[in-house]
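Here the structure comes first, spelled out in structure tokens, and everything after it is commentary.
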Amino acid sequence: MSTPPPAKRKALITGITGQDGSYLAELLLDKGYEVIGVARRSSTVTFERIAHFQDRIEIVFGDLLDQYSMIKLLETHRPQEVYNLAAQSFVPTSFDQPVLTGEVTGLGVTRVLDAIRVVDPTIRFYQASSSEMFGKVQEVPQTETTPLYPRSPYGVAKVYGHWITINYRESYDLHASSGILFNHESPRRGHEFLPRKVSYNVAKIALGMQDELRLGNLDARRDWGYAGDYVEAMWLMLQQDEPDDFVVSTGETHEVRELVQLAFERVDLDWEDHVVIDERFYRPAEVDLLIGDASKARAELGWQPRTSFTELVHMMVDADLALLRGELRDFAR
């Protein structure tokens, strides 16, 4: 009598339609997982980022505002791993909608964790924490033990999500880990986020579709990496014998000005001929120097970034040039 093949590992990803969700789903599929993607039911939900592999995953609907929906999802699908990537994650919007940001990005984490506690405490849980928690930084570079001083409602909500993950880990012995990810970008990033705003508008300028790009503080500095590299760290955290928290970063910092310069150089243009400083894009409270120390992730997870900052910027500009050229061709038909 033949032995049946081992069952596939099953992972549930909240925020499957976002940048990180799409890259993580691809990674897990390549590793042989069965992937359940959670999307929030609405009239505007888009599957653009996952369209090229949507037939290989199962999409289900749930909401971090609804505790019962999370319990039912876990009872129905019985995953071994849950990756909580869903959030209201755009910092400027968090100033306009602070209560919603707190409900989704903060309390939403509790709803998922408590559903795990009730349904199956052996489920391994990943929480997407953020470098925005460091805000008014207390030391440079930032590590897993750096005191947190968030400077936006989004950052505050992420602090809550981070600490409730630790609390459930210690209170209920859950395998619950947090990845404190520094800024990570890609061609799949939303247009509202600065690096994608730059790459998309630089491509439009290069193609003669507009003349200027309006930006805020060019002196702000960030530790920018490639999202496709960072999702591997998420997976590695849930493969460890013991749960823990890890900074995920490049350890390099770059000014917005450098990002802009590299993007314009990619299309052989001088950024100073096209960039207009607009104070409307300044934050009410700016964060200080964000630069992560991922030594722990390198040592314990064996993780390291593979894509340089220049490669990332060029990748994004090239992708937006291809996207816009395709749209122009379609329009001309």
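We name chains A, B, ... following the order of the structure tokens; residues begin at 1 in each chain, and ligands are numbered from 1 as shown.
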So that I can check the surroundings of segment 164-170 of chain A, please list as number ranges by chain every protein, DNA and RNA residue that reaches within 9 Å of it, counting only C-alpha atoms and ignoring chain neighbours fewer than 2 positions away.
A: 106-107, 109-110, 113-114, 117, 125-127, 159-162, 172-178, 243-245
Could you write out the selected residues, including N, CA, C and O atoms, as a short mmCIF file (atom, residue, chain, number, x, y, z; two decimals), in the first residue's frame?
```cif
data_model
loop_
_atom_site.label_atom_id
_atom_site.label_comp_id
_atom_site.auth_asym_id
_atom_site.auth_seq_id
_atom_site.Cartn_x
_atom_site.Cartn_y
_atom_site.Cartn_z
N GLY A 106 -3.84 48.80 14.18
CA GLY A 106 -3.55 48.45 15.56
C GLY A 106 -4.42 47.32 16.08
O GLY A 106 -3.98 46.19 16.25
N LEU A 107 -5.70 47.62 16.30
CA LEU A 107 -6.61 46.63 16.87
C LEU A 107 -6.83 45.44 15.94
O LEU A 107 -7.13 44.33 16.41
N VAL A 109 -4.66 43.72 14.49
CA VAL A 109 -3.67 42.70 14.86
C VAL A 109 -4.20 41.86 16.01
O VAL A 109 -4.07 40.63 16.02
N THR A 110 -4.83 42.51 16.99
CA THR A 110 -5.39 41.79 18.13
C THR A 110 -6.46 40.81 17.68
O THR A 110 -6.55 39.69 18.19
N LEU A 113 -4.72 37.78 16.18
CA LEU A 113 -4.05 37.00 17.22
C LEU A 113 -5.06 36.27 18.10
O LEU A 113 -4.86 35.10 18.46
N ASP A 114 -6.14 36.94 18.46
CA ASP A 114 -7.11 36.29 19.33
C ASP A 114 -7.85 35.18 18.60
O ASP A 114 -8.21 34.16 19.21
N ARG A 117 -5.55 32.30 18.88
CA ARG A 117 -5.61 31.76 20.24
C ARG A 117 -6.84 30.87 20.43
O ARG A 117 -6.76 29.79 21.03
N PHE A 125 2.48 32.88 13.47
CA PHE A 125 1.96 34.19 13.09
C PHE A 125 3.09 35.17 12.82
O PHE A 125 4.06 35.26 13.58
N TYR A 126 2.94 35.90 11.71
CA TYR A 126 3.88 36.97 11.38
C TYR A 126 3.14 38.30 11.39
O TYR A 126 2.11 38.46 10.74
N GLN A 127 3.69 39.27 12.11
CA GLN A 127 3.15 40.63 12.14
C GLN A 127 4.08 41.58 11.40
O GLN A 127 5.30 41.61 11.66
N VAL A 159 2.99 50.50 16.57
CA VAL A 159 3.56 50.19 17.89
C VAL A 159 2.60 49.30 18.68
O VAL A 159 3.00 48.32 19.32
N TYR A 160 1.32 49.65 18.65
CA TYR A 160 0.33 48.81 19.33
C TYR A 160 0.35 47.39 18.77
O TYR A 160 0.40 46.41 19.53
N GLY A 161 0.32 47.27 17.44
CA GLY A 161 0.34 45.94 16.82
C GLY A 161 1.58 45.15 17.18
O GLY A 161 1.52 43.93 17.40
N HIS A 162 2.71 45.85 17.26
CA HIS A 162 3.98 45.21 17.61
C HIS A 162 3.94 44.67 19.04
O HIS A 162 4.28 43.50 19.29
N TYR A 172 0.34 33.62 25.84
CA TYR A 172 -0.32 32.40 25.37
C TYR A 172 0.64 31.45 24.67
O TYR A 172 0.20 30.46 24.07
N ASP A 173 1.93 31.74 24.72
CA ASP A 173 2.95 30.87 24.14
C ASP A 173 2.72 30.64 22.65
O ASP A 173 2.93 29.55 22.13
N LEU A 174 2.29 31.69 21.94
CA LEU A 174 2.11 31.60 20.50
C LEU A 174 3.45 31.77 19.79
O LEU A 174 4.33 32.50 20.26
N HIS A 175 3.59 31.11 18.65
CA HIS A 175 4.76 31.35 17.78
C HIS A 175 4.42 32.59 16.96
O HIS A 175 3.98 32.51 15.81
N ALA A 176 4.62 33.76 17.56
CA ALA A 176 4.25 35.04 16.95
C ALA A 176 5.49 35.92 16.84
O ALA A 176 6.13 36.25 17.84
N SER A 177 5.85 36.29 15.63
CA SER A 177 7.05 37.07 15.36
C SER A 177 6.69 38.36 14.64
O SER A 177 5.70 38.41 13.90
N SER A 178 7.50 39.38 14.86
CA SER A 178 7.32 40.65 14.16
C SER A 178 8.55 40.97 13.33
O SER A 178 9.68 40.84 13.81
N PRO A 243 9.94 31.96 18.25
CA PRO A 243 9.54 33.24 17.66
C PRO A 243 10.37 34.38 18.22
O PRO A 243 10.90 34.31 19.33
N ASP A 244 10.48 35.46 17.46
CA ASP A 244 11.26 36.61 17.91
C ASP A 244 10.94 37.79 17.00
O ASP A 244 10.15 37.68 16.05
N ASP A 245 11.57 38.92 17.27
CA ASP A 245 11.40 40.13 16.46
C ASP A 245 12.71 40.44 15.75
O ASP A 245 13.79 40.30 16.33
#
```
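Residues within 12 Å of Leu213 of chain A, counting only C-alpha atoms and excluding same-chain residues fewer than 2 positions away, are Leu194, Lys197, Val198, Ser199, Tyr200, Asn201, Val202, Ala203, Lys204, Ile205, Ala206, Met209, Gln210, Asp211, Leu215, Gly216, Val260, Ala263, Phe264, Trp271, Glu272, Asp273, His274, Val275, Val276, Ile277, Asp278 and Phe281 of chain A.
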Hey, can you check how far atom CA of Val247 of chain A sits from atom CA of Ala294 of chain A?
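Computed distance, atom CA of Val247 of chain A to atom CA of Ala294 of chain A, equals 5.2 Å.
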Ranking A:Ala233, A:Ala51, A:Ala11, A:Val118 by minimum distance to Lys296 of chain A and counting only C-alpha atoms, which one comes first?
A:Ala233
A:Ser69, A:Asp229, A:Trp163, A:Gly302 ranked by distance to Leu24 of chain A, top pick (using only C-alpha atoms)
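Result for the nearest residue to Leu24 of chain A: A:Asp229.
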Looking only at the backbone, which of the residues in segment 13-137 of chain A does DSSP tag as helix (DSSP H, G or I), as a PyMOL selection string?
chain A and resi 19-30+48-56+67-77+91-96+98-119+131-133
At what distance in Å, to one decimal, does atom CA of Val317 of chain A lie from atom CA of Asp330 of chain A?
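Between atom CA of Asp330 of chain A and atom CA of Val317 of chain A the gap is 19.9 Å.
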Would you please extract all strand (DSSP E or B) residues from segment 49-214 of chain A, as assigned by DSSP on the backbone, and give them as a list of chain:residue names?
A:Glu58, A:Ile59, A:Val60, A:Phe61, A:Glu81, A:Val82, A:Tyr83, A:Asn84, A:Arg124, A:Phe125, A:Tyr126, A:Gln127, A:Ala128, A:Ser129, A:Ser130, A:Gln142, A:Ala176, A:Ser177, A:Ser178, A:Gly179, A:Ile180, A:Leu181, A:His184, A:Glu185, A:Leu213, A:Arg214
Which one of A:Ile57, A:Leu269, A:Ile36, A:Leu262 sits closest to Met315 of chain A if you count only C-alpha atoms?
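Smallest separation from Met315 of chain A among the options: A:Leu262.
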Under the rule that only C-alpha atoms are counted, which of A:Met316, A:Val137, A:Ala25, A:Leu301 is the nearest residue to Leu289 of chain A?
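For Leu289 of chain A, the nearest of the candidates is A:Val137.
For Arg111 of chain A, the residues within 9 Å (counting only C-alpha atoms, excluding itself and residues fewer than 6 positions away along the chain) are A:Leu64, A:Leu65, A:Asp66, A:Gln67, A:Tyr68, A:Met70, A:Ile71.
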Hey, can you spit out that residue selection with N, CA, C and O atoms as a PDB file, in the first residue's frame?
```
ATOM      1  N   LEU A  64     -10.250  42.886   8.960  1.00  0.00           N
ATOM      2  CA  LEU A  64      -9.604  43.036  10.269  1.00  0.00           C
ATOM      3  C   LEU A  64     -10.467  43.804  11.260  1.00  0.00           C
ATOM      4  O   LEU A  64     -10.151  43.833  12.453  1.00  0.00           O
ATOM      5  N   LEU A  65     -11.542  44.419  10.781  1.00  0.00           N
ATOM      6  CA  LEU A  65     -12.470  45.091  11.686  1.00  0.00           C
ATOM      7  C   LEU A  65     -13.501  44.123  12.261  1.00  0.00           C
ATOM      8  O   LEU A  65     -14.268  44.487  13.143  1.00  0.00           O
ATOM      9  N   ASP A  66     -13.522  42.907  11.751  1.00  0.00           N
ATOM     10  CA  ASP A  66     -14.556  41.935  12.107  1.00  0.00           C
ATOM     11  C   ASP A  66     -13.917  40.687  12.706  1.00  0.00           C
ATOM     12  O   ASP A  66     -13.401  39.830  11.992  1.00  0.00           O
ATOM     13  N   GLN A  67     -13.973  40.571  14.019  1.00  0.00           N
ATOM     14  CA  GLN A  67     -13.358  39.441  14.712  1.00  0.00           C
ATOM     15  C   GLN A  67     -13.926  38.105  14.245  1.00  0.00           C
ATOM     16  O   GLN A  67     -13.187  37.138  14.018  1.00  0.00           O
ATOM     17  N   TYR A  68     -15.234  38.032  14.068  1.00  0.00           N
ATOM     18  CA  TYR A  68     -15.870  36.768  13.696  1.00  0.00           C
ATOM     19  C   TYR A  68     -15.380  36.265  12.344  1.00  0.00           C
ATOM     20  O   TYR A  68     -15.177  35.068  12.154  1.00  0.00           O
ATOM     21  N   MET A  70     -12.475  36.624  11.024  1.00  0.00           N
ATOM     22  CA  MET A  70     -11.148  36.037  11.150  1.00  0.00           C
ATOM     23  C   MET A  70     -11.226  34.644  11.778  1.00  0.00           C
ATOM     24  O   MET A  70     -10.519  33.716  11.362  1.00  0.00           O
ATOM     25  N   ILE A  71     -12.092  34.481  12.761  1.00  0.00           N
ATOM     26  CA  ILE A  71     -12.269  33.155  13.373  1.00  0.00           C
ATOM     27  C   ILE A  71     -12.774  32.156  12.338  1.00  0.00           C
ATOM     28  O   ILE A  71     -12.270  31.028  12.228  1.00  0.00           O
TER      29      ILE A  71
END
```
For Leu100 of chain A: contacts at 12 Å, only C-alpha atoms, fewer than 4 positions along chain excluded, given as an MDAnalysis selection string
chainID A and resid 64:65 87:90 93:96 104:108 153:154 157
So that I have them on file, write out the residues from the current selection with all heavy atoms, as a short mmCIF file (atom, residue, chain, number, x, y, z; two decimals), in the first residue's frame.
```cif
data_model
loop_
_atom_site.label_atom_id
_atom_site.label_comp_id
_atom_site.auth_asym_id
_atom_site.auth_seq_id
_atom_site.Cartn_x
_atom_site.Cartn_y
_atom_site.Cartn_z
N LEU A 64 -10.25 42.89 8.96
CA LEU A 64 -9.60 43.04 10.27
C LEU A 64 -10.47 43.80 11.26
O LEU A 64 -10.15 43.83 12.45
CB LEU A 64 -8.26 43.74 10.11
CG LEU A 64 -7.16 42.99 9.35
CD1 LEU A 64 -5.83 43.74 9.49
CD2 LEU A 64 -7.01 41.57 9.83
N LEU A 65 -11.54 44.42 10.78
CA LEU A 65 -12.47 45.09 11.69
C LEU A 65 -13.50 44.12 12.26
O LEU A 65 -14.27 44.49 13.14
CB LEU A 65 -13.20 46.23 10.95
CG LEU A 65 -12.32 47.35 10.40
CD1 LEU A 65 -13.17 48.39 9.67
CD2 LEU A 65 -11.52 48.02 11.51
N ALA A 87 -3.17 46.49 6.37
CA ALA A 87 -3.10 47.69 7.21
C ALA A 87 -3.56 48.89 6.40
O ALA A 87 -3.60 48.84 5.17
CB ALA A 87 -1.68 47.94 7.72
N GLN A 88 -3.92 49.95 7.10
CA GLN A 88 -3.99 51.27 6.46
C GLN A 88 -2.57 51.79 6.58
O GLN A 88 -2.15 52.25 7.62
CB GLN A 88 -5.01 52.18 7.18
CG GLN A 88 -5.31 53.49 6.45
CD GLN A 88 -4.09 54.36 6.10
OE1 GLN A 88 -3.60 54.32 4.97
NE2 GLN A 88 -3.59 55.10 7.06
N SER A 89 -1.81 51.72 5.49
CA SER A 89 -0.36 51.86 5.60
C SER A 89 0.20 53.15 5.01
O SER A 89 1.43 53.31 4.98
CB SER A 89 0.32 50.66 4.92
OG SER A 89 -0.08 50.57 3.57
N PHE A 90 -0.64 54.06 4.54
CA PHE A 90 -0.13 55.29 3.97
C PHE A 90 -0.08 56.35 5.06
O PHE A 90 -1.11 56.76 5.60
CB PHE A 90 -1.02 55.74 2.81
CG PHE A 90 -0.46 56.90 2.03
CD1 PHE A 90 0.88 56.94 1.66
CD2 PHE A 90 -1.28 57.94 1.64
CE1 PHE A 90 1.39 58.01 0.95
CE2 PHE A 90 -0.77 59.01 0.91
CZ PHE A 90 0.55 59.04 0.56
N THR A 93 -2.30 59.58 5.06
CA THR A 93 -3.71 59.27 5.29
C THR A 93 -3.98 59.04 6.77
O THR A 93 -5.08 59.33 7.27
CB THR A 93 -4.14 58.03 4.48
OG1 THR A 93 -4.01 58.34 3.08
CG2 THR A 93 -5.57 57.63 4.77
N SER A 94 -3.00 58.53 7.50
CA SER A 94 -3.21 58.27 8.92
C SER A 94 -3.46 59.56 9.71
O SER A 94 -4.13 59.53 10.74
CB SER A 94 -2.03 57.50 9.51
OG SER A 94 -0.89 58.32 9.74
N PHE A 95 -2.96 60.69 9.23
CA PHE A 95 -3.26 61.97 9.88
C PHE A 95 -4.69 62.40 9.58
O PHE A 95 -5.33 63.04 10.41
CB PHE A 95 -2.28 63.05 9.41
CG PHE A 95 -0.90 62.93 10.01
CD1 PHE A 95 0.13 62.35 9.30
CD2 PHE A 95 -0.64 63.40 11.29
CE1 PHE A 95 1.41 62.23 9.85
CE2 PHE A 95 0.63 63.28 11.84
CZ PHE A 95 1.65 62.70 11.12
N ASP A 96 -5.20 62.05 8.41
CA ASP A 96 -6.57 62.40 8.04
C ASP A 96 -7.59 61.43 8.62
O ASP A 96 -8.73 61.79 8.89
CB ASP A 96 -6.72 62.42 6.51
CG ASP A 96 -5.88 63.50 5.85
OD1 ASP A 96 -5.65 64.55 6.49
OD2 ASP A 96 -5.43 63.29 4.70
N VAL A 104 -7.70 49.44 12.16
CA VAL A 104 -7.21 48.42 11.24
C VAL A 104 -5.78 48.02 11.56
O VAL A 104 -5.46 46.83 11.74
CB VAL A 104 -7.29 48.93 9.78
CG1 VAL A 104 -6.70 47.90 8.82
CG2 VAL A 104 -8.74 49.24 9.40
N THR A 105 -4.91 49.01 11.64
CA THR A 105 -3.47 48.76 11.77
C THR A 105 -3.07 48.35 13.18
O THR A 105 -2.09 47.63 13.36
CB THR A 105 -2.70 50.01 11.32
OG1 THR A 105 -3.15 50.41 10.02
CG2 THR A 105 -1.21 49.78 11.27
N GLY A 106 -3.84 48.80 14.18
CA GLY A 106 -3.55 48.45 15.56
C GLY A 106 -4.42 47.32 16.08
O GLY A 106 -3.98 46.19 16.25
N LEU A 107 -5.70 47.62 16.30
CA LEU A 107 -6.61 46.63 16.87
C LEU A 107 -6.83 45.44 15.94
O LEU A 107 -7.13 44.33 16.41
CB LEU A 107 -7.96 47.28 17.20
CG LEU A 107 -7.96 48.18 18.44
CD1 LEU A 107 -9.30 48.89 18.56
CD2 LEU A 107 -7.69 47.36 19.70
N GLY A 108 -6.68 45.65 14.64
CA GLY A 108 -6.81 44.52 13.70
C GLY A 108 -5.85 43.39 14.02
O GLY A 108 -6.18 42.21 13.83
N PRO A 153 0.00 58.84 13.36
CA PRO A 153 -0.99 57.85 13.81
C PRO A 153 -0.70 56.45 13.28
O PRO A 153 -0.95 55.46 13.97
CB PRO A 153 -2.31 58.41 13.26
CG PRO A 153 -2.09 59.89 13.20
CD PRO A 153 -0.65 60.04 12.79
N TYR A 154 -0.16 56.37 12.06
CA TYR A 154 0.22 55.06 11.52
C TYR A 154 1.31 54.43 12.39
O TYR A 154 1.23 53.26 12.76
CB TYR A 154 0.71 55.22 10.08
CG TYR A 154 1.39 53.98 9.52
CD1 TYR A 154 0.64 52.87 9.15
CD2 TYR A 154 2.77 53.93 9.37
CE1 TYR A 154 1.25 51.72 8.65
CE2 TYR A 154 3.39 52.80 8.87
CZ TYR A 154 2.63 51.70 8.51
OH TYR A 154 3.25 50.58 8.02
N ALA A 157 -0.12 53.25 15.66
CA ALA A 157 -0.89 52.01 15.49
C ALA A 157 0.02 50.81 15.32
O ALA A 157 -0.26 49.72 15.84
CB ALA A 157 -1.83 52.15 14.30
#
```
Grab the atom CA of Ala319 of chain A to atom CA of Arg56 of chain A distance for me, in Å with one decimal place.
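Result for atom CA of Ala319 of chain A versus atom CA of Arg56 of chain A: 24.1 Å, one decimal.
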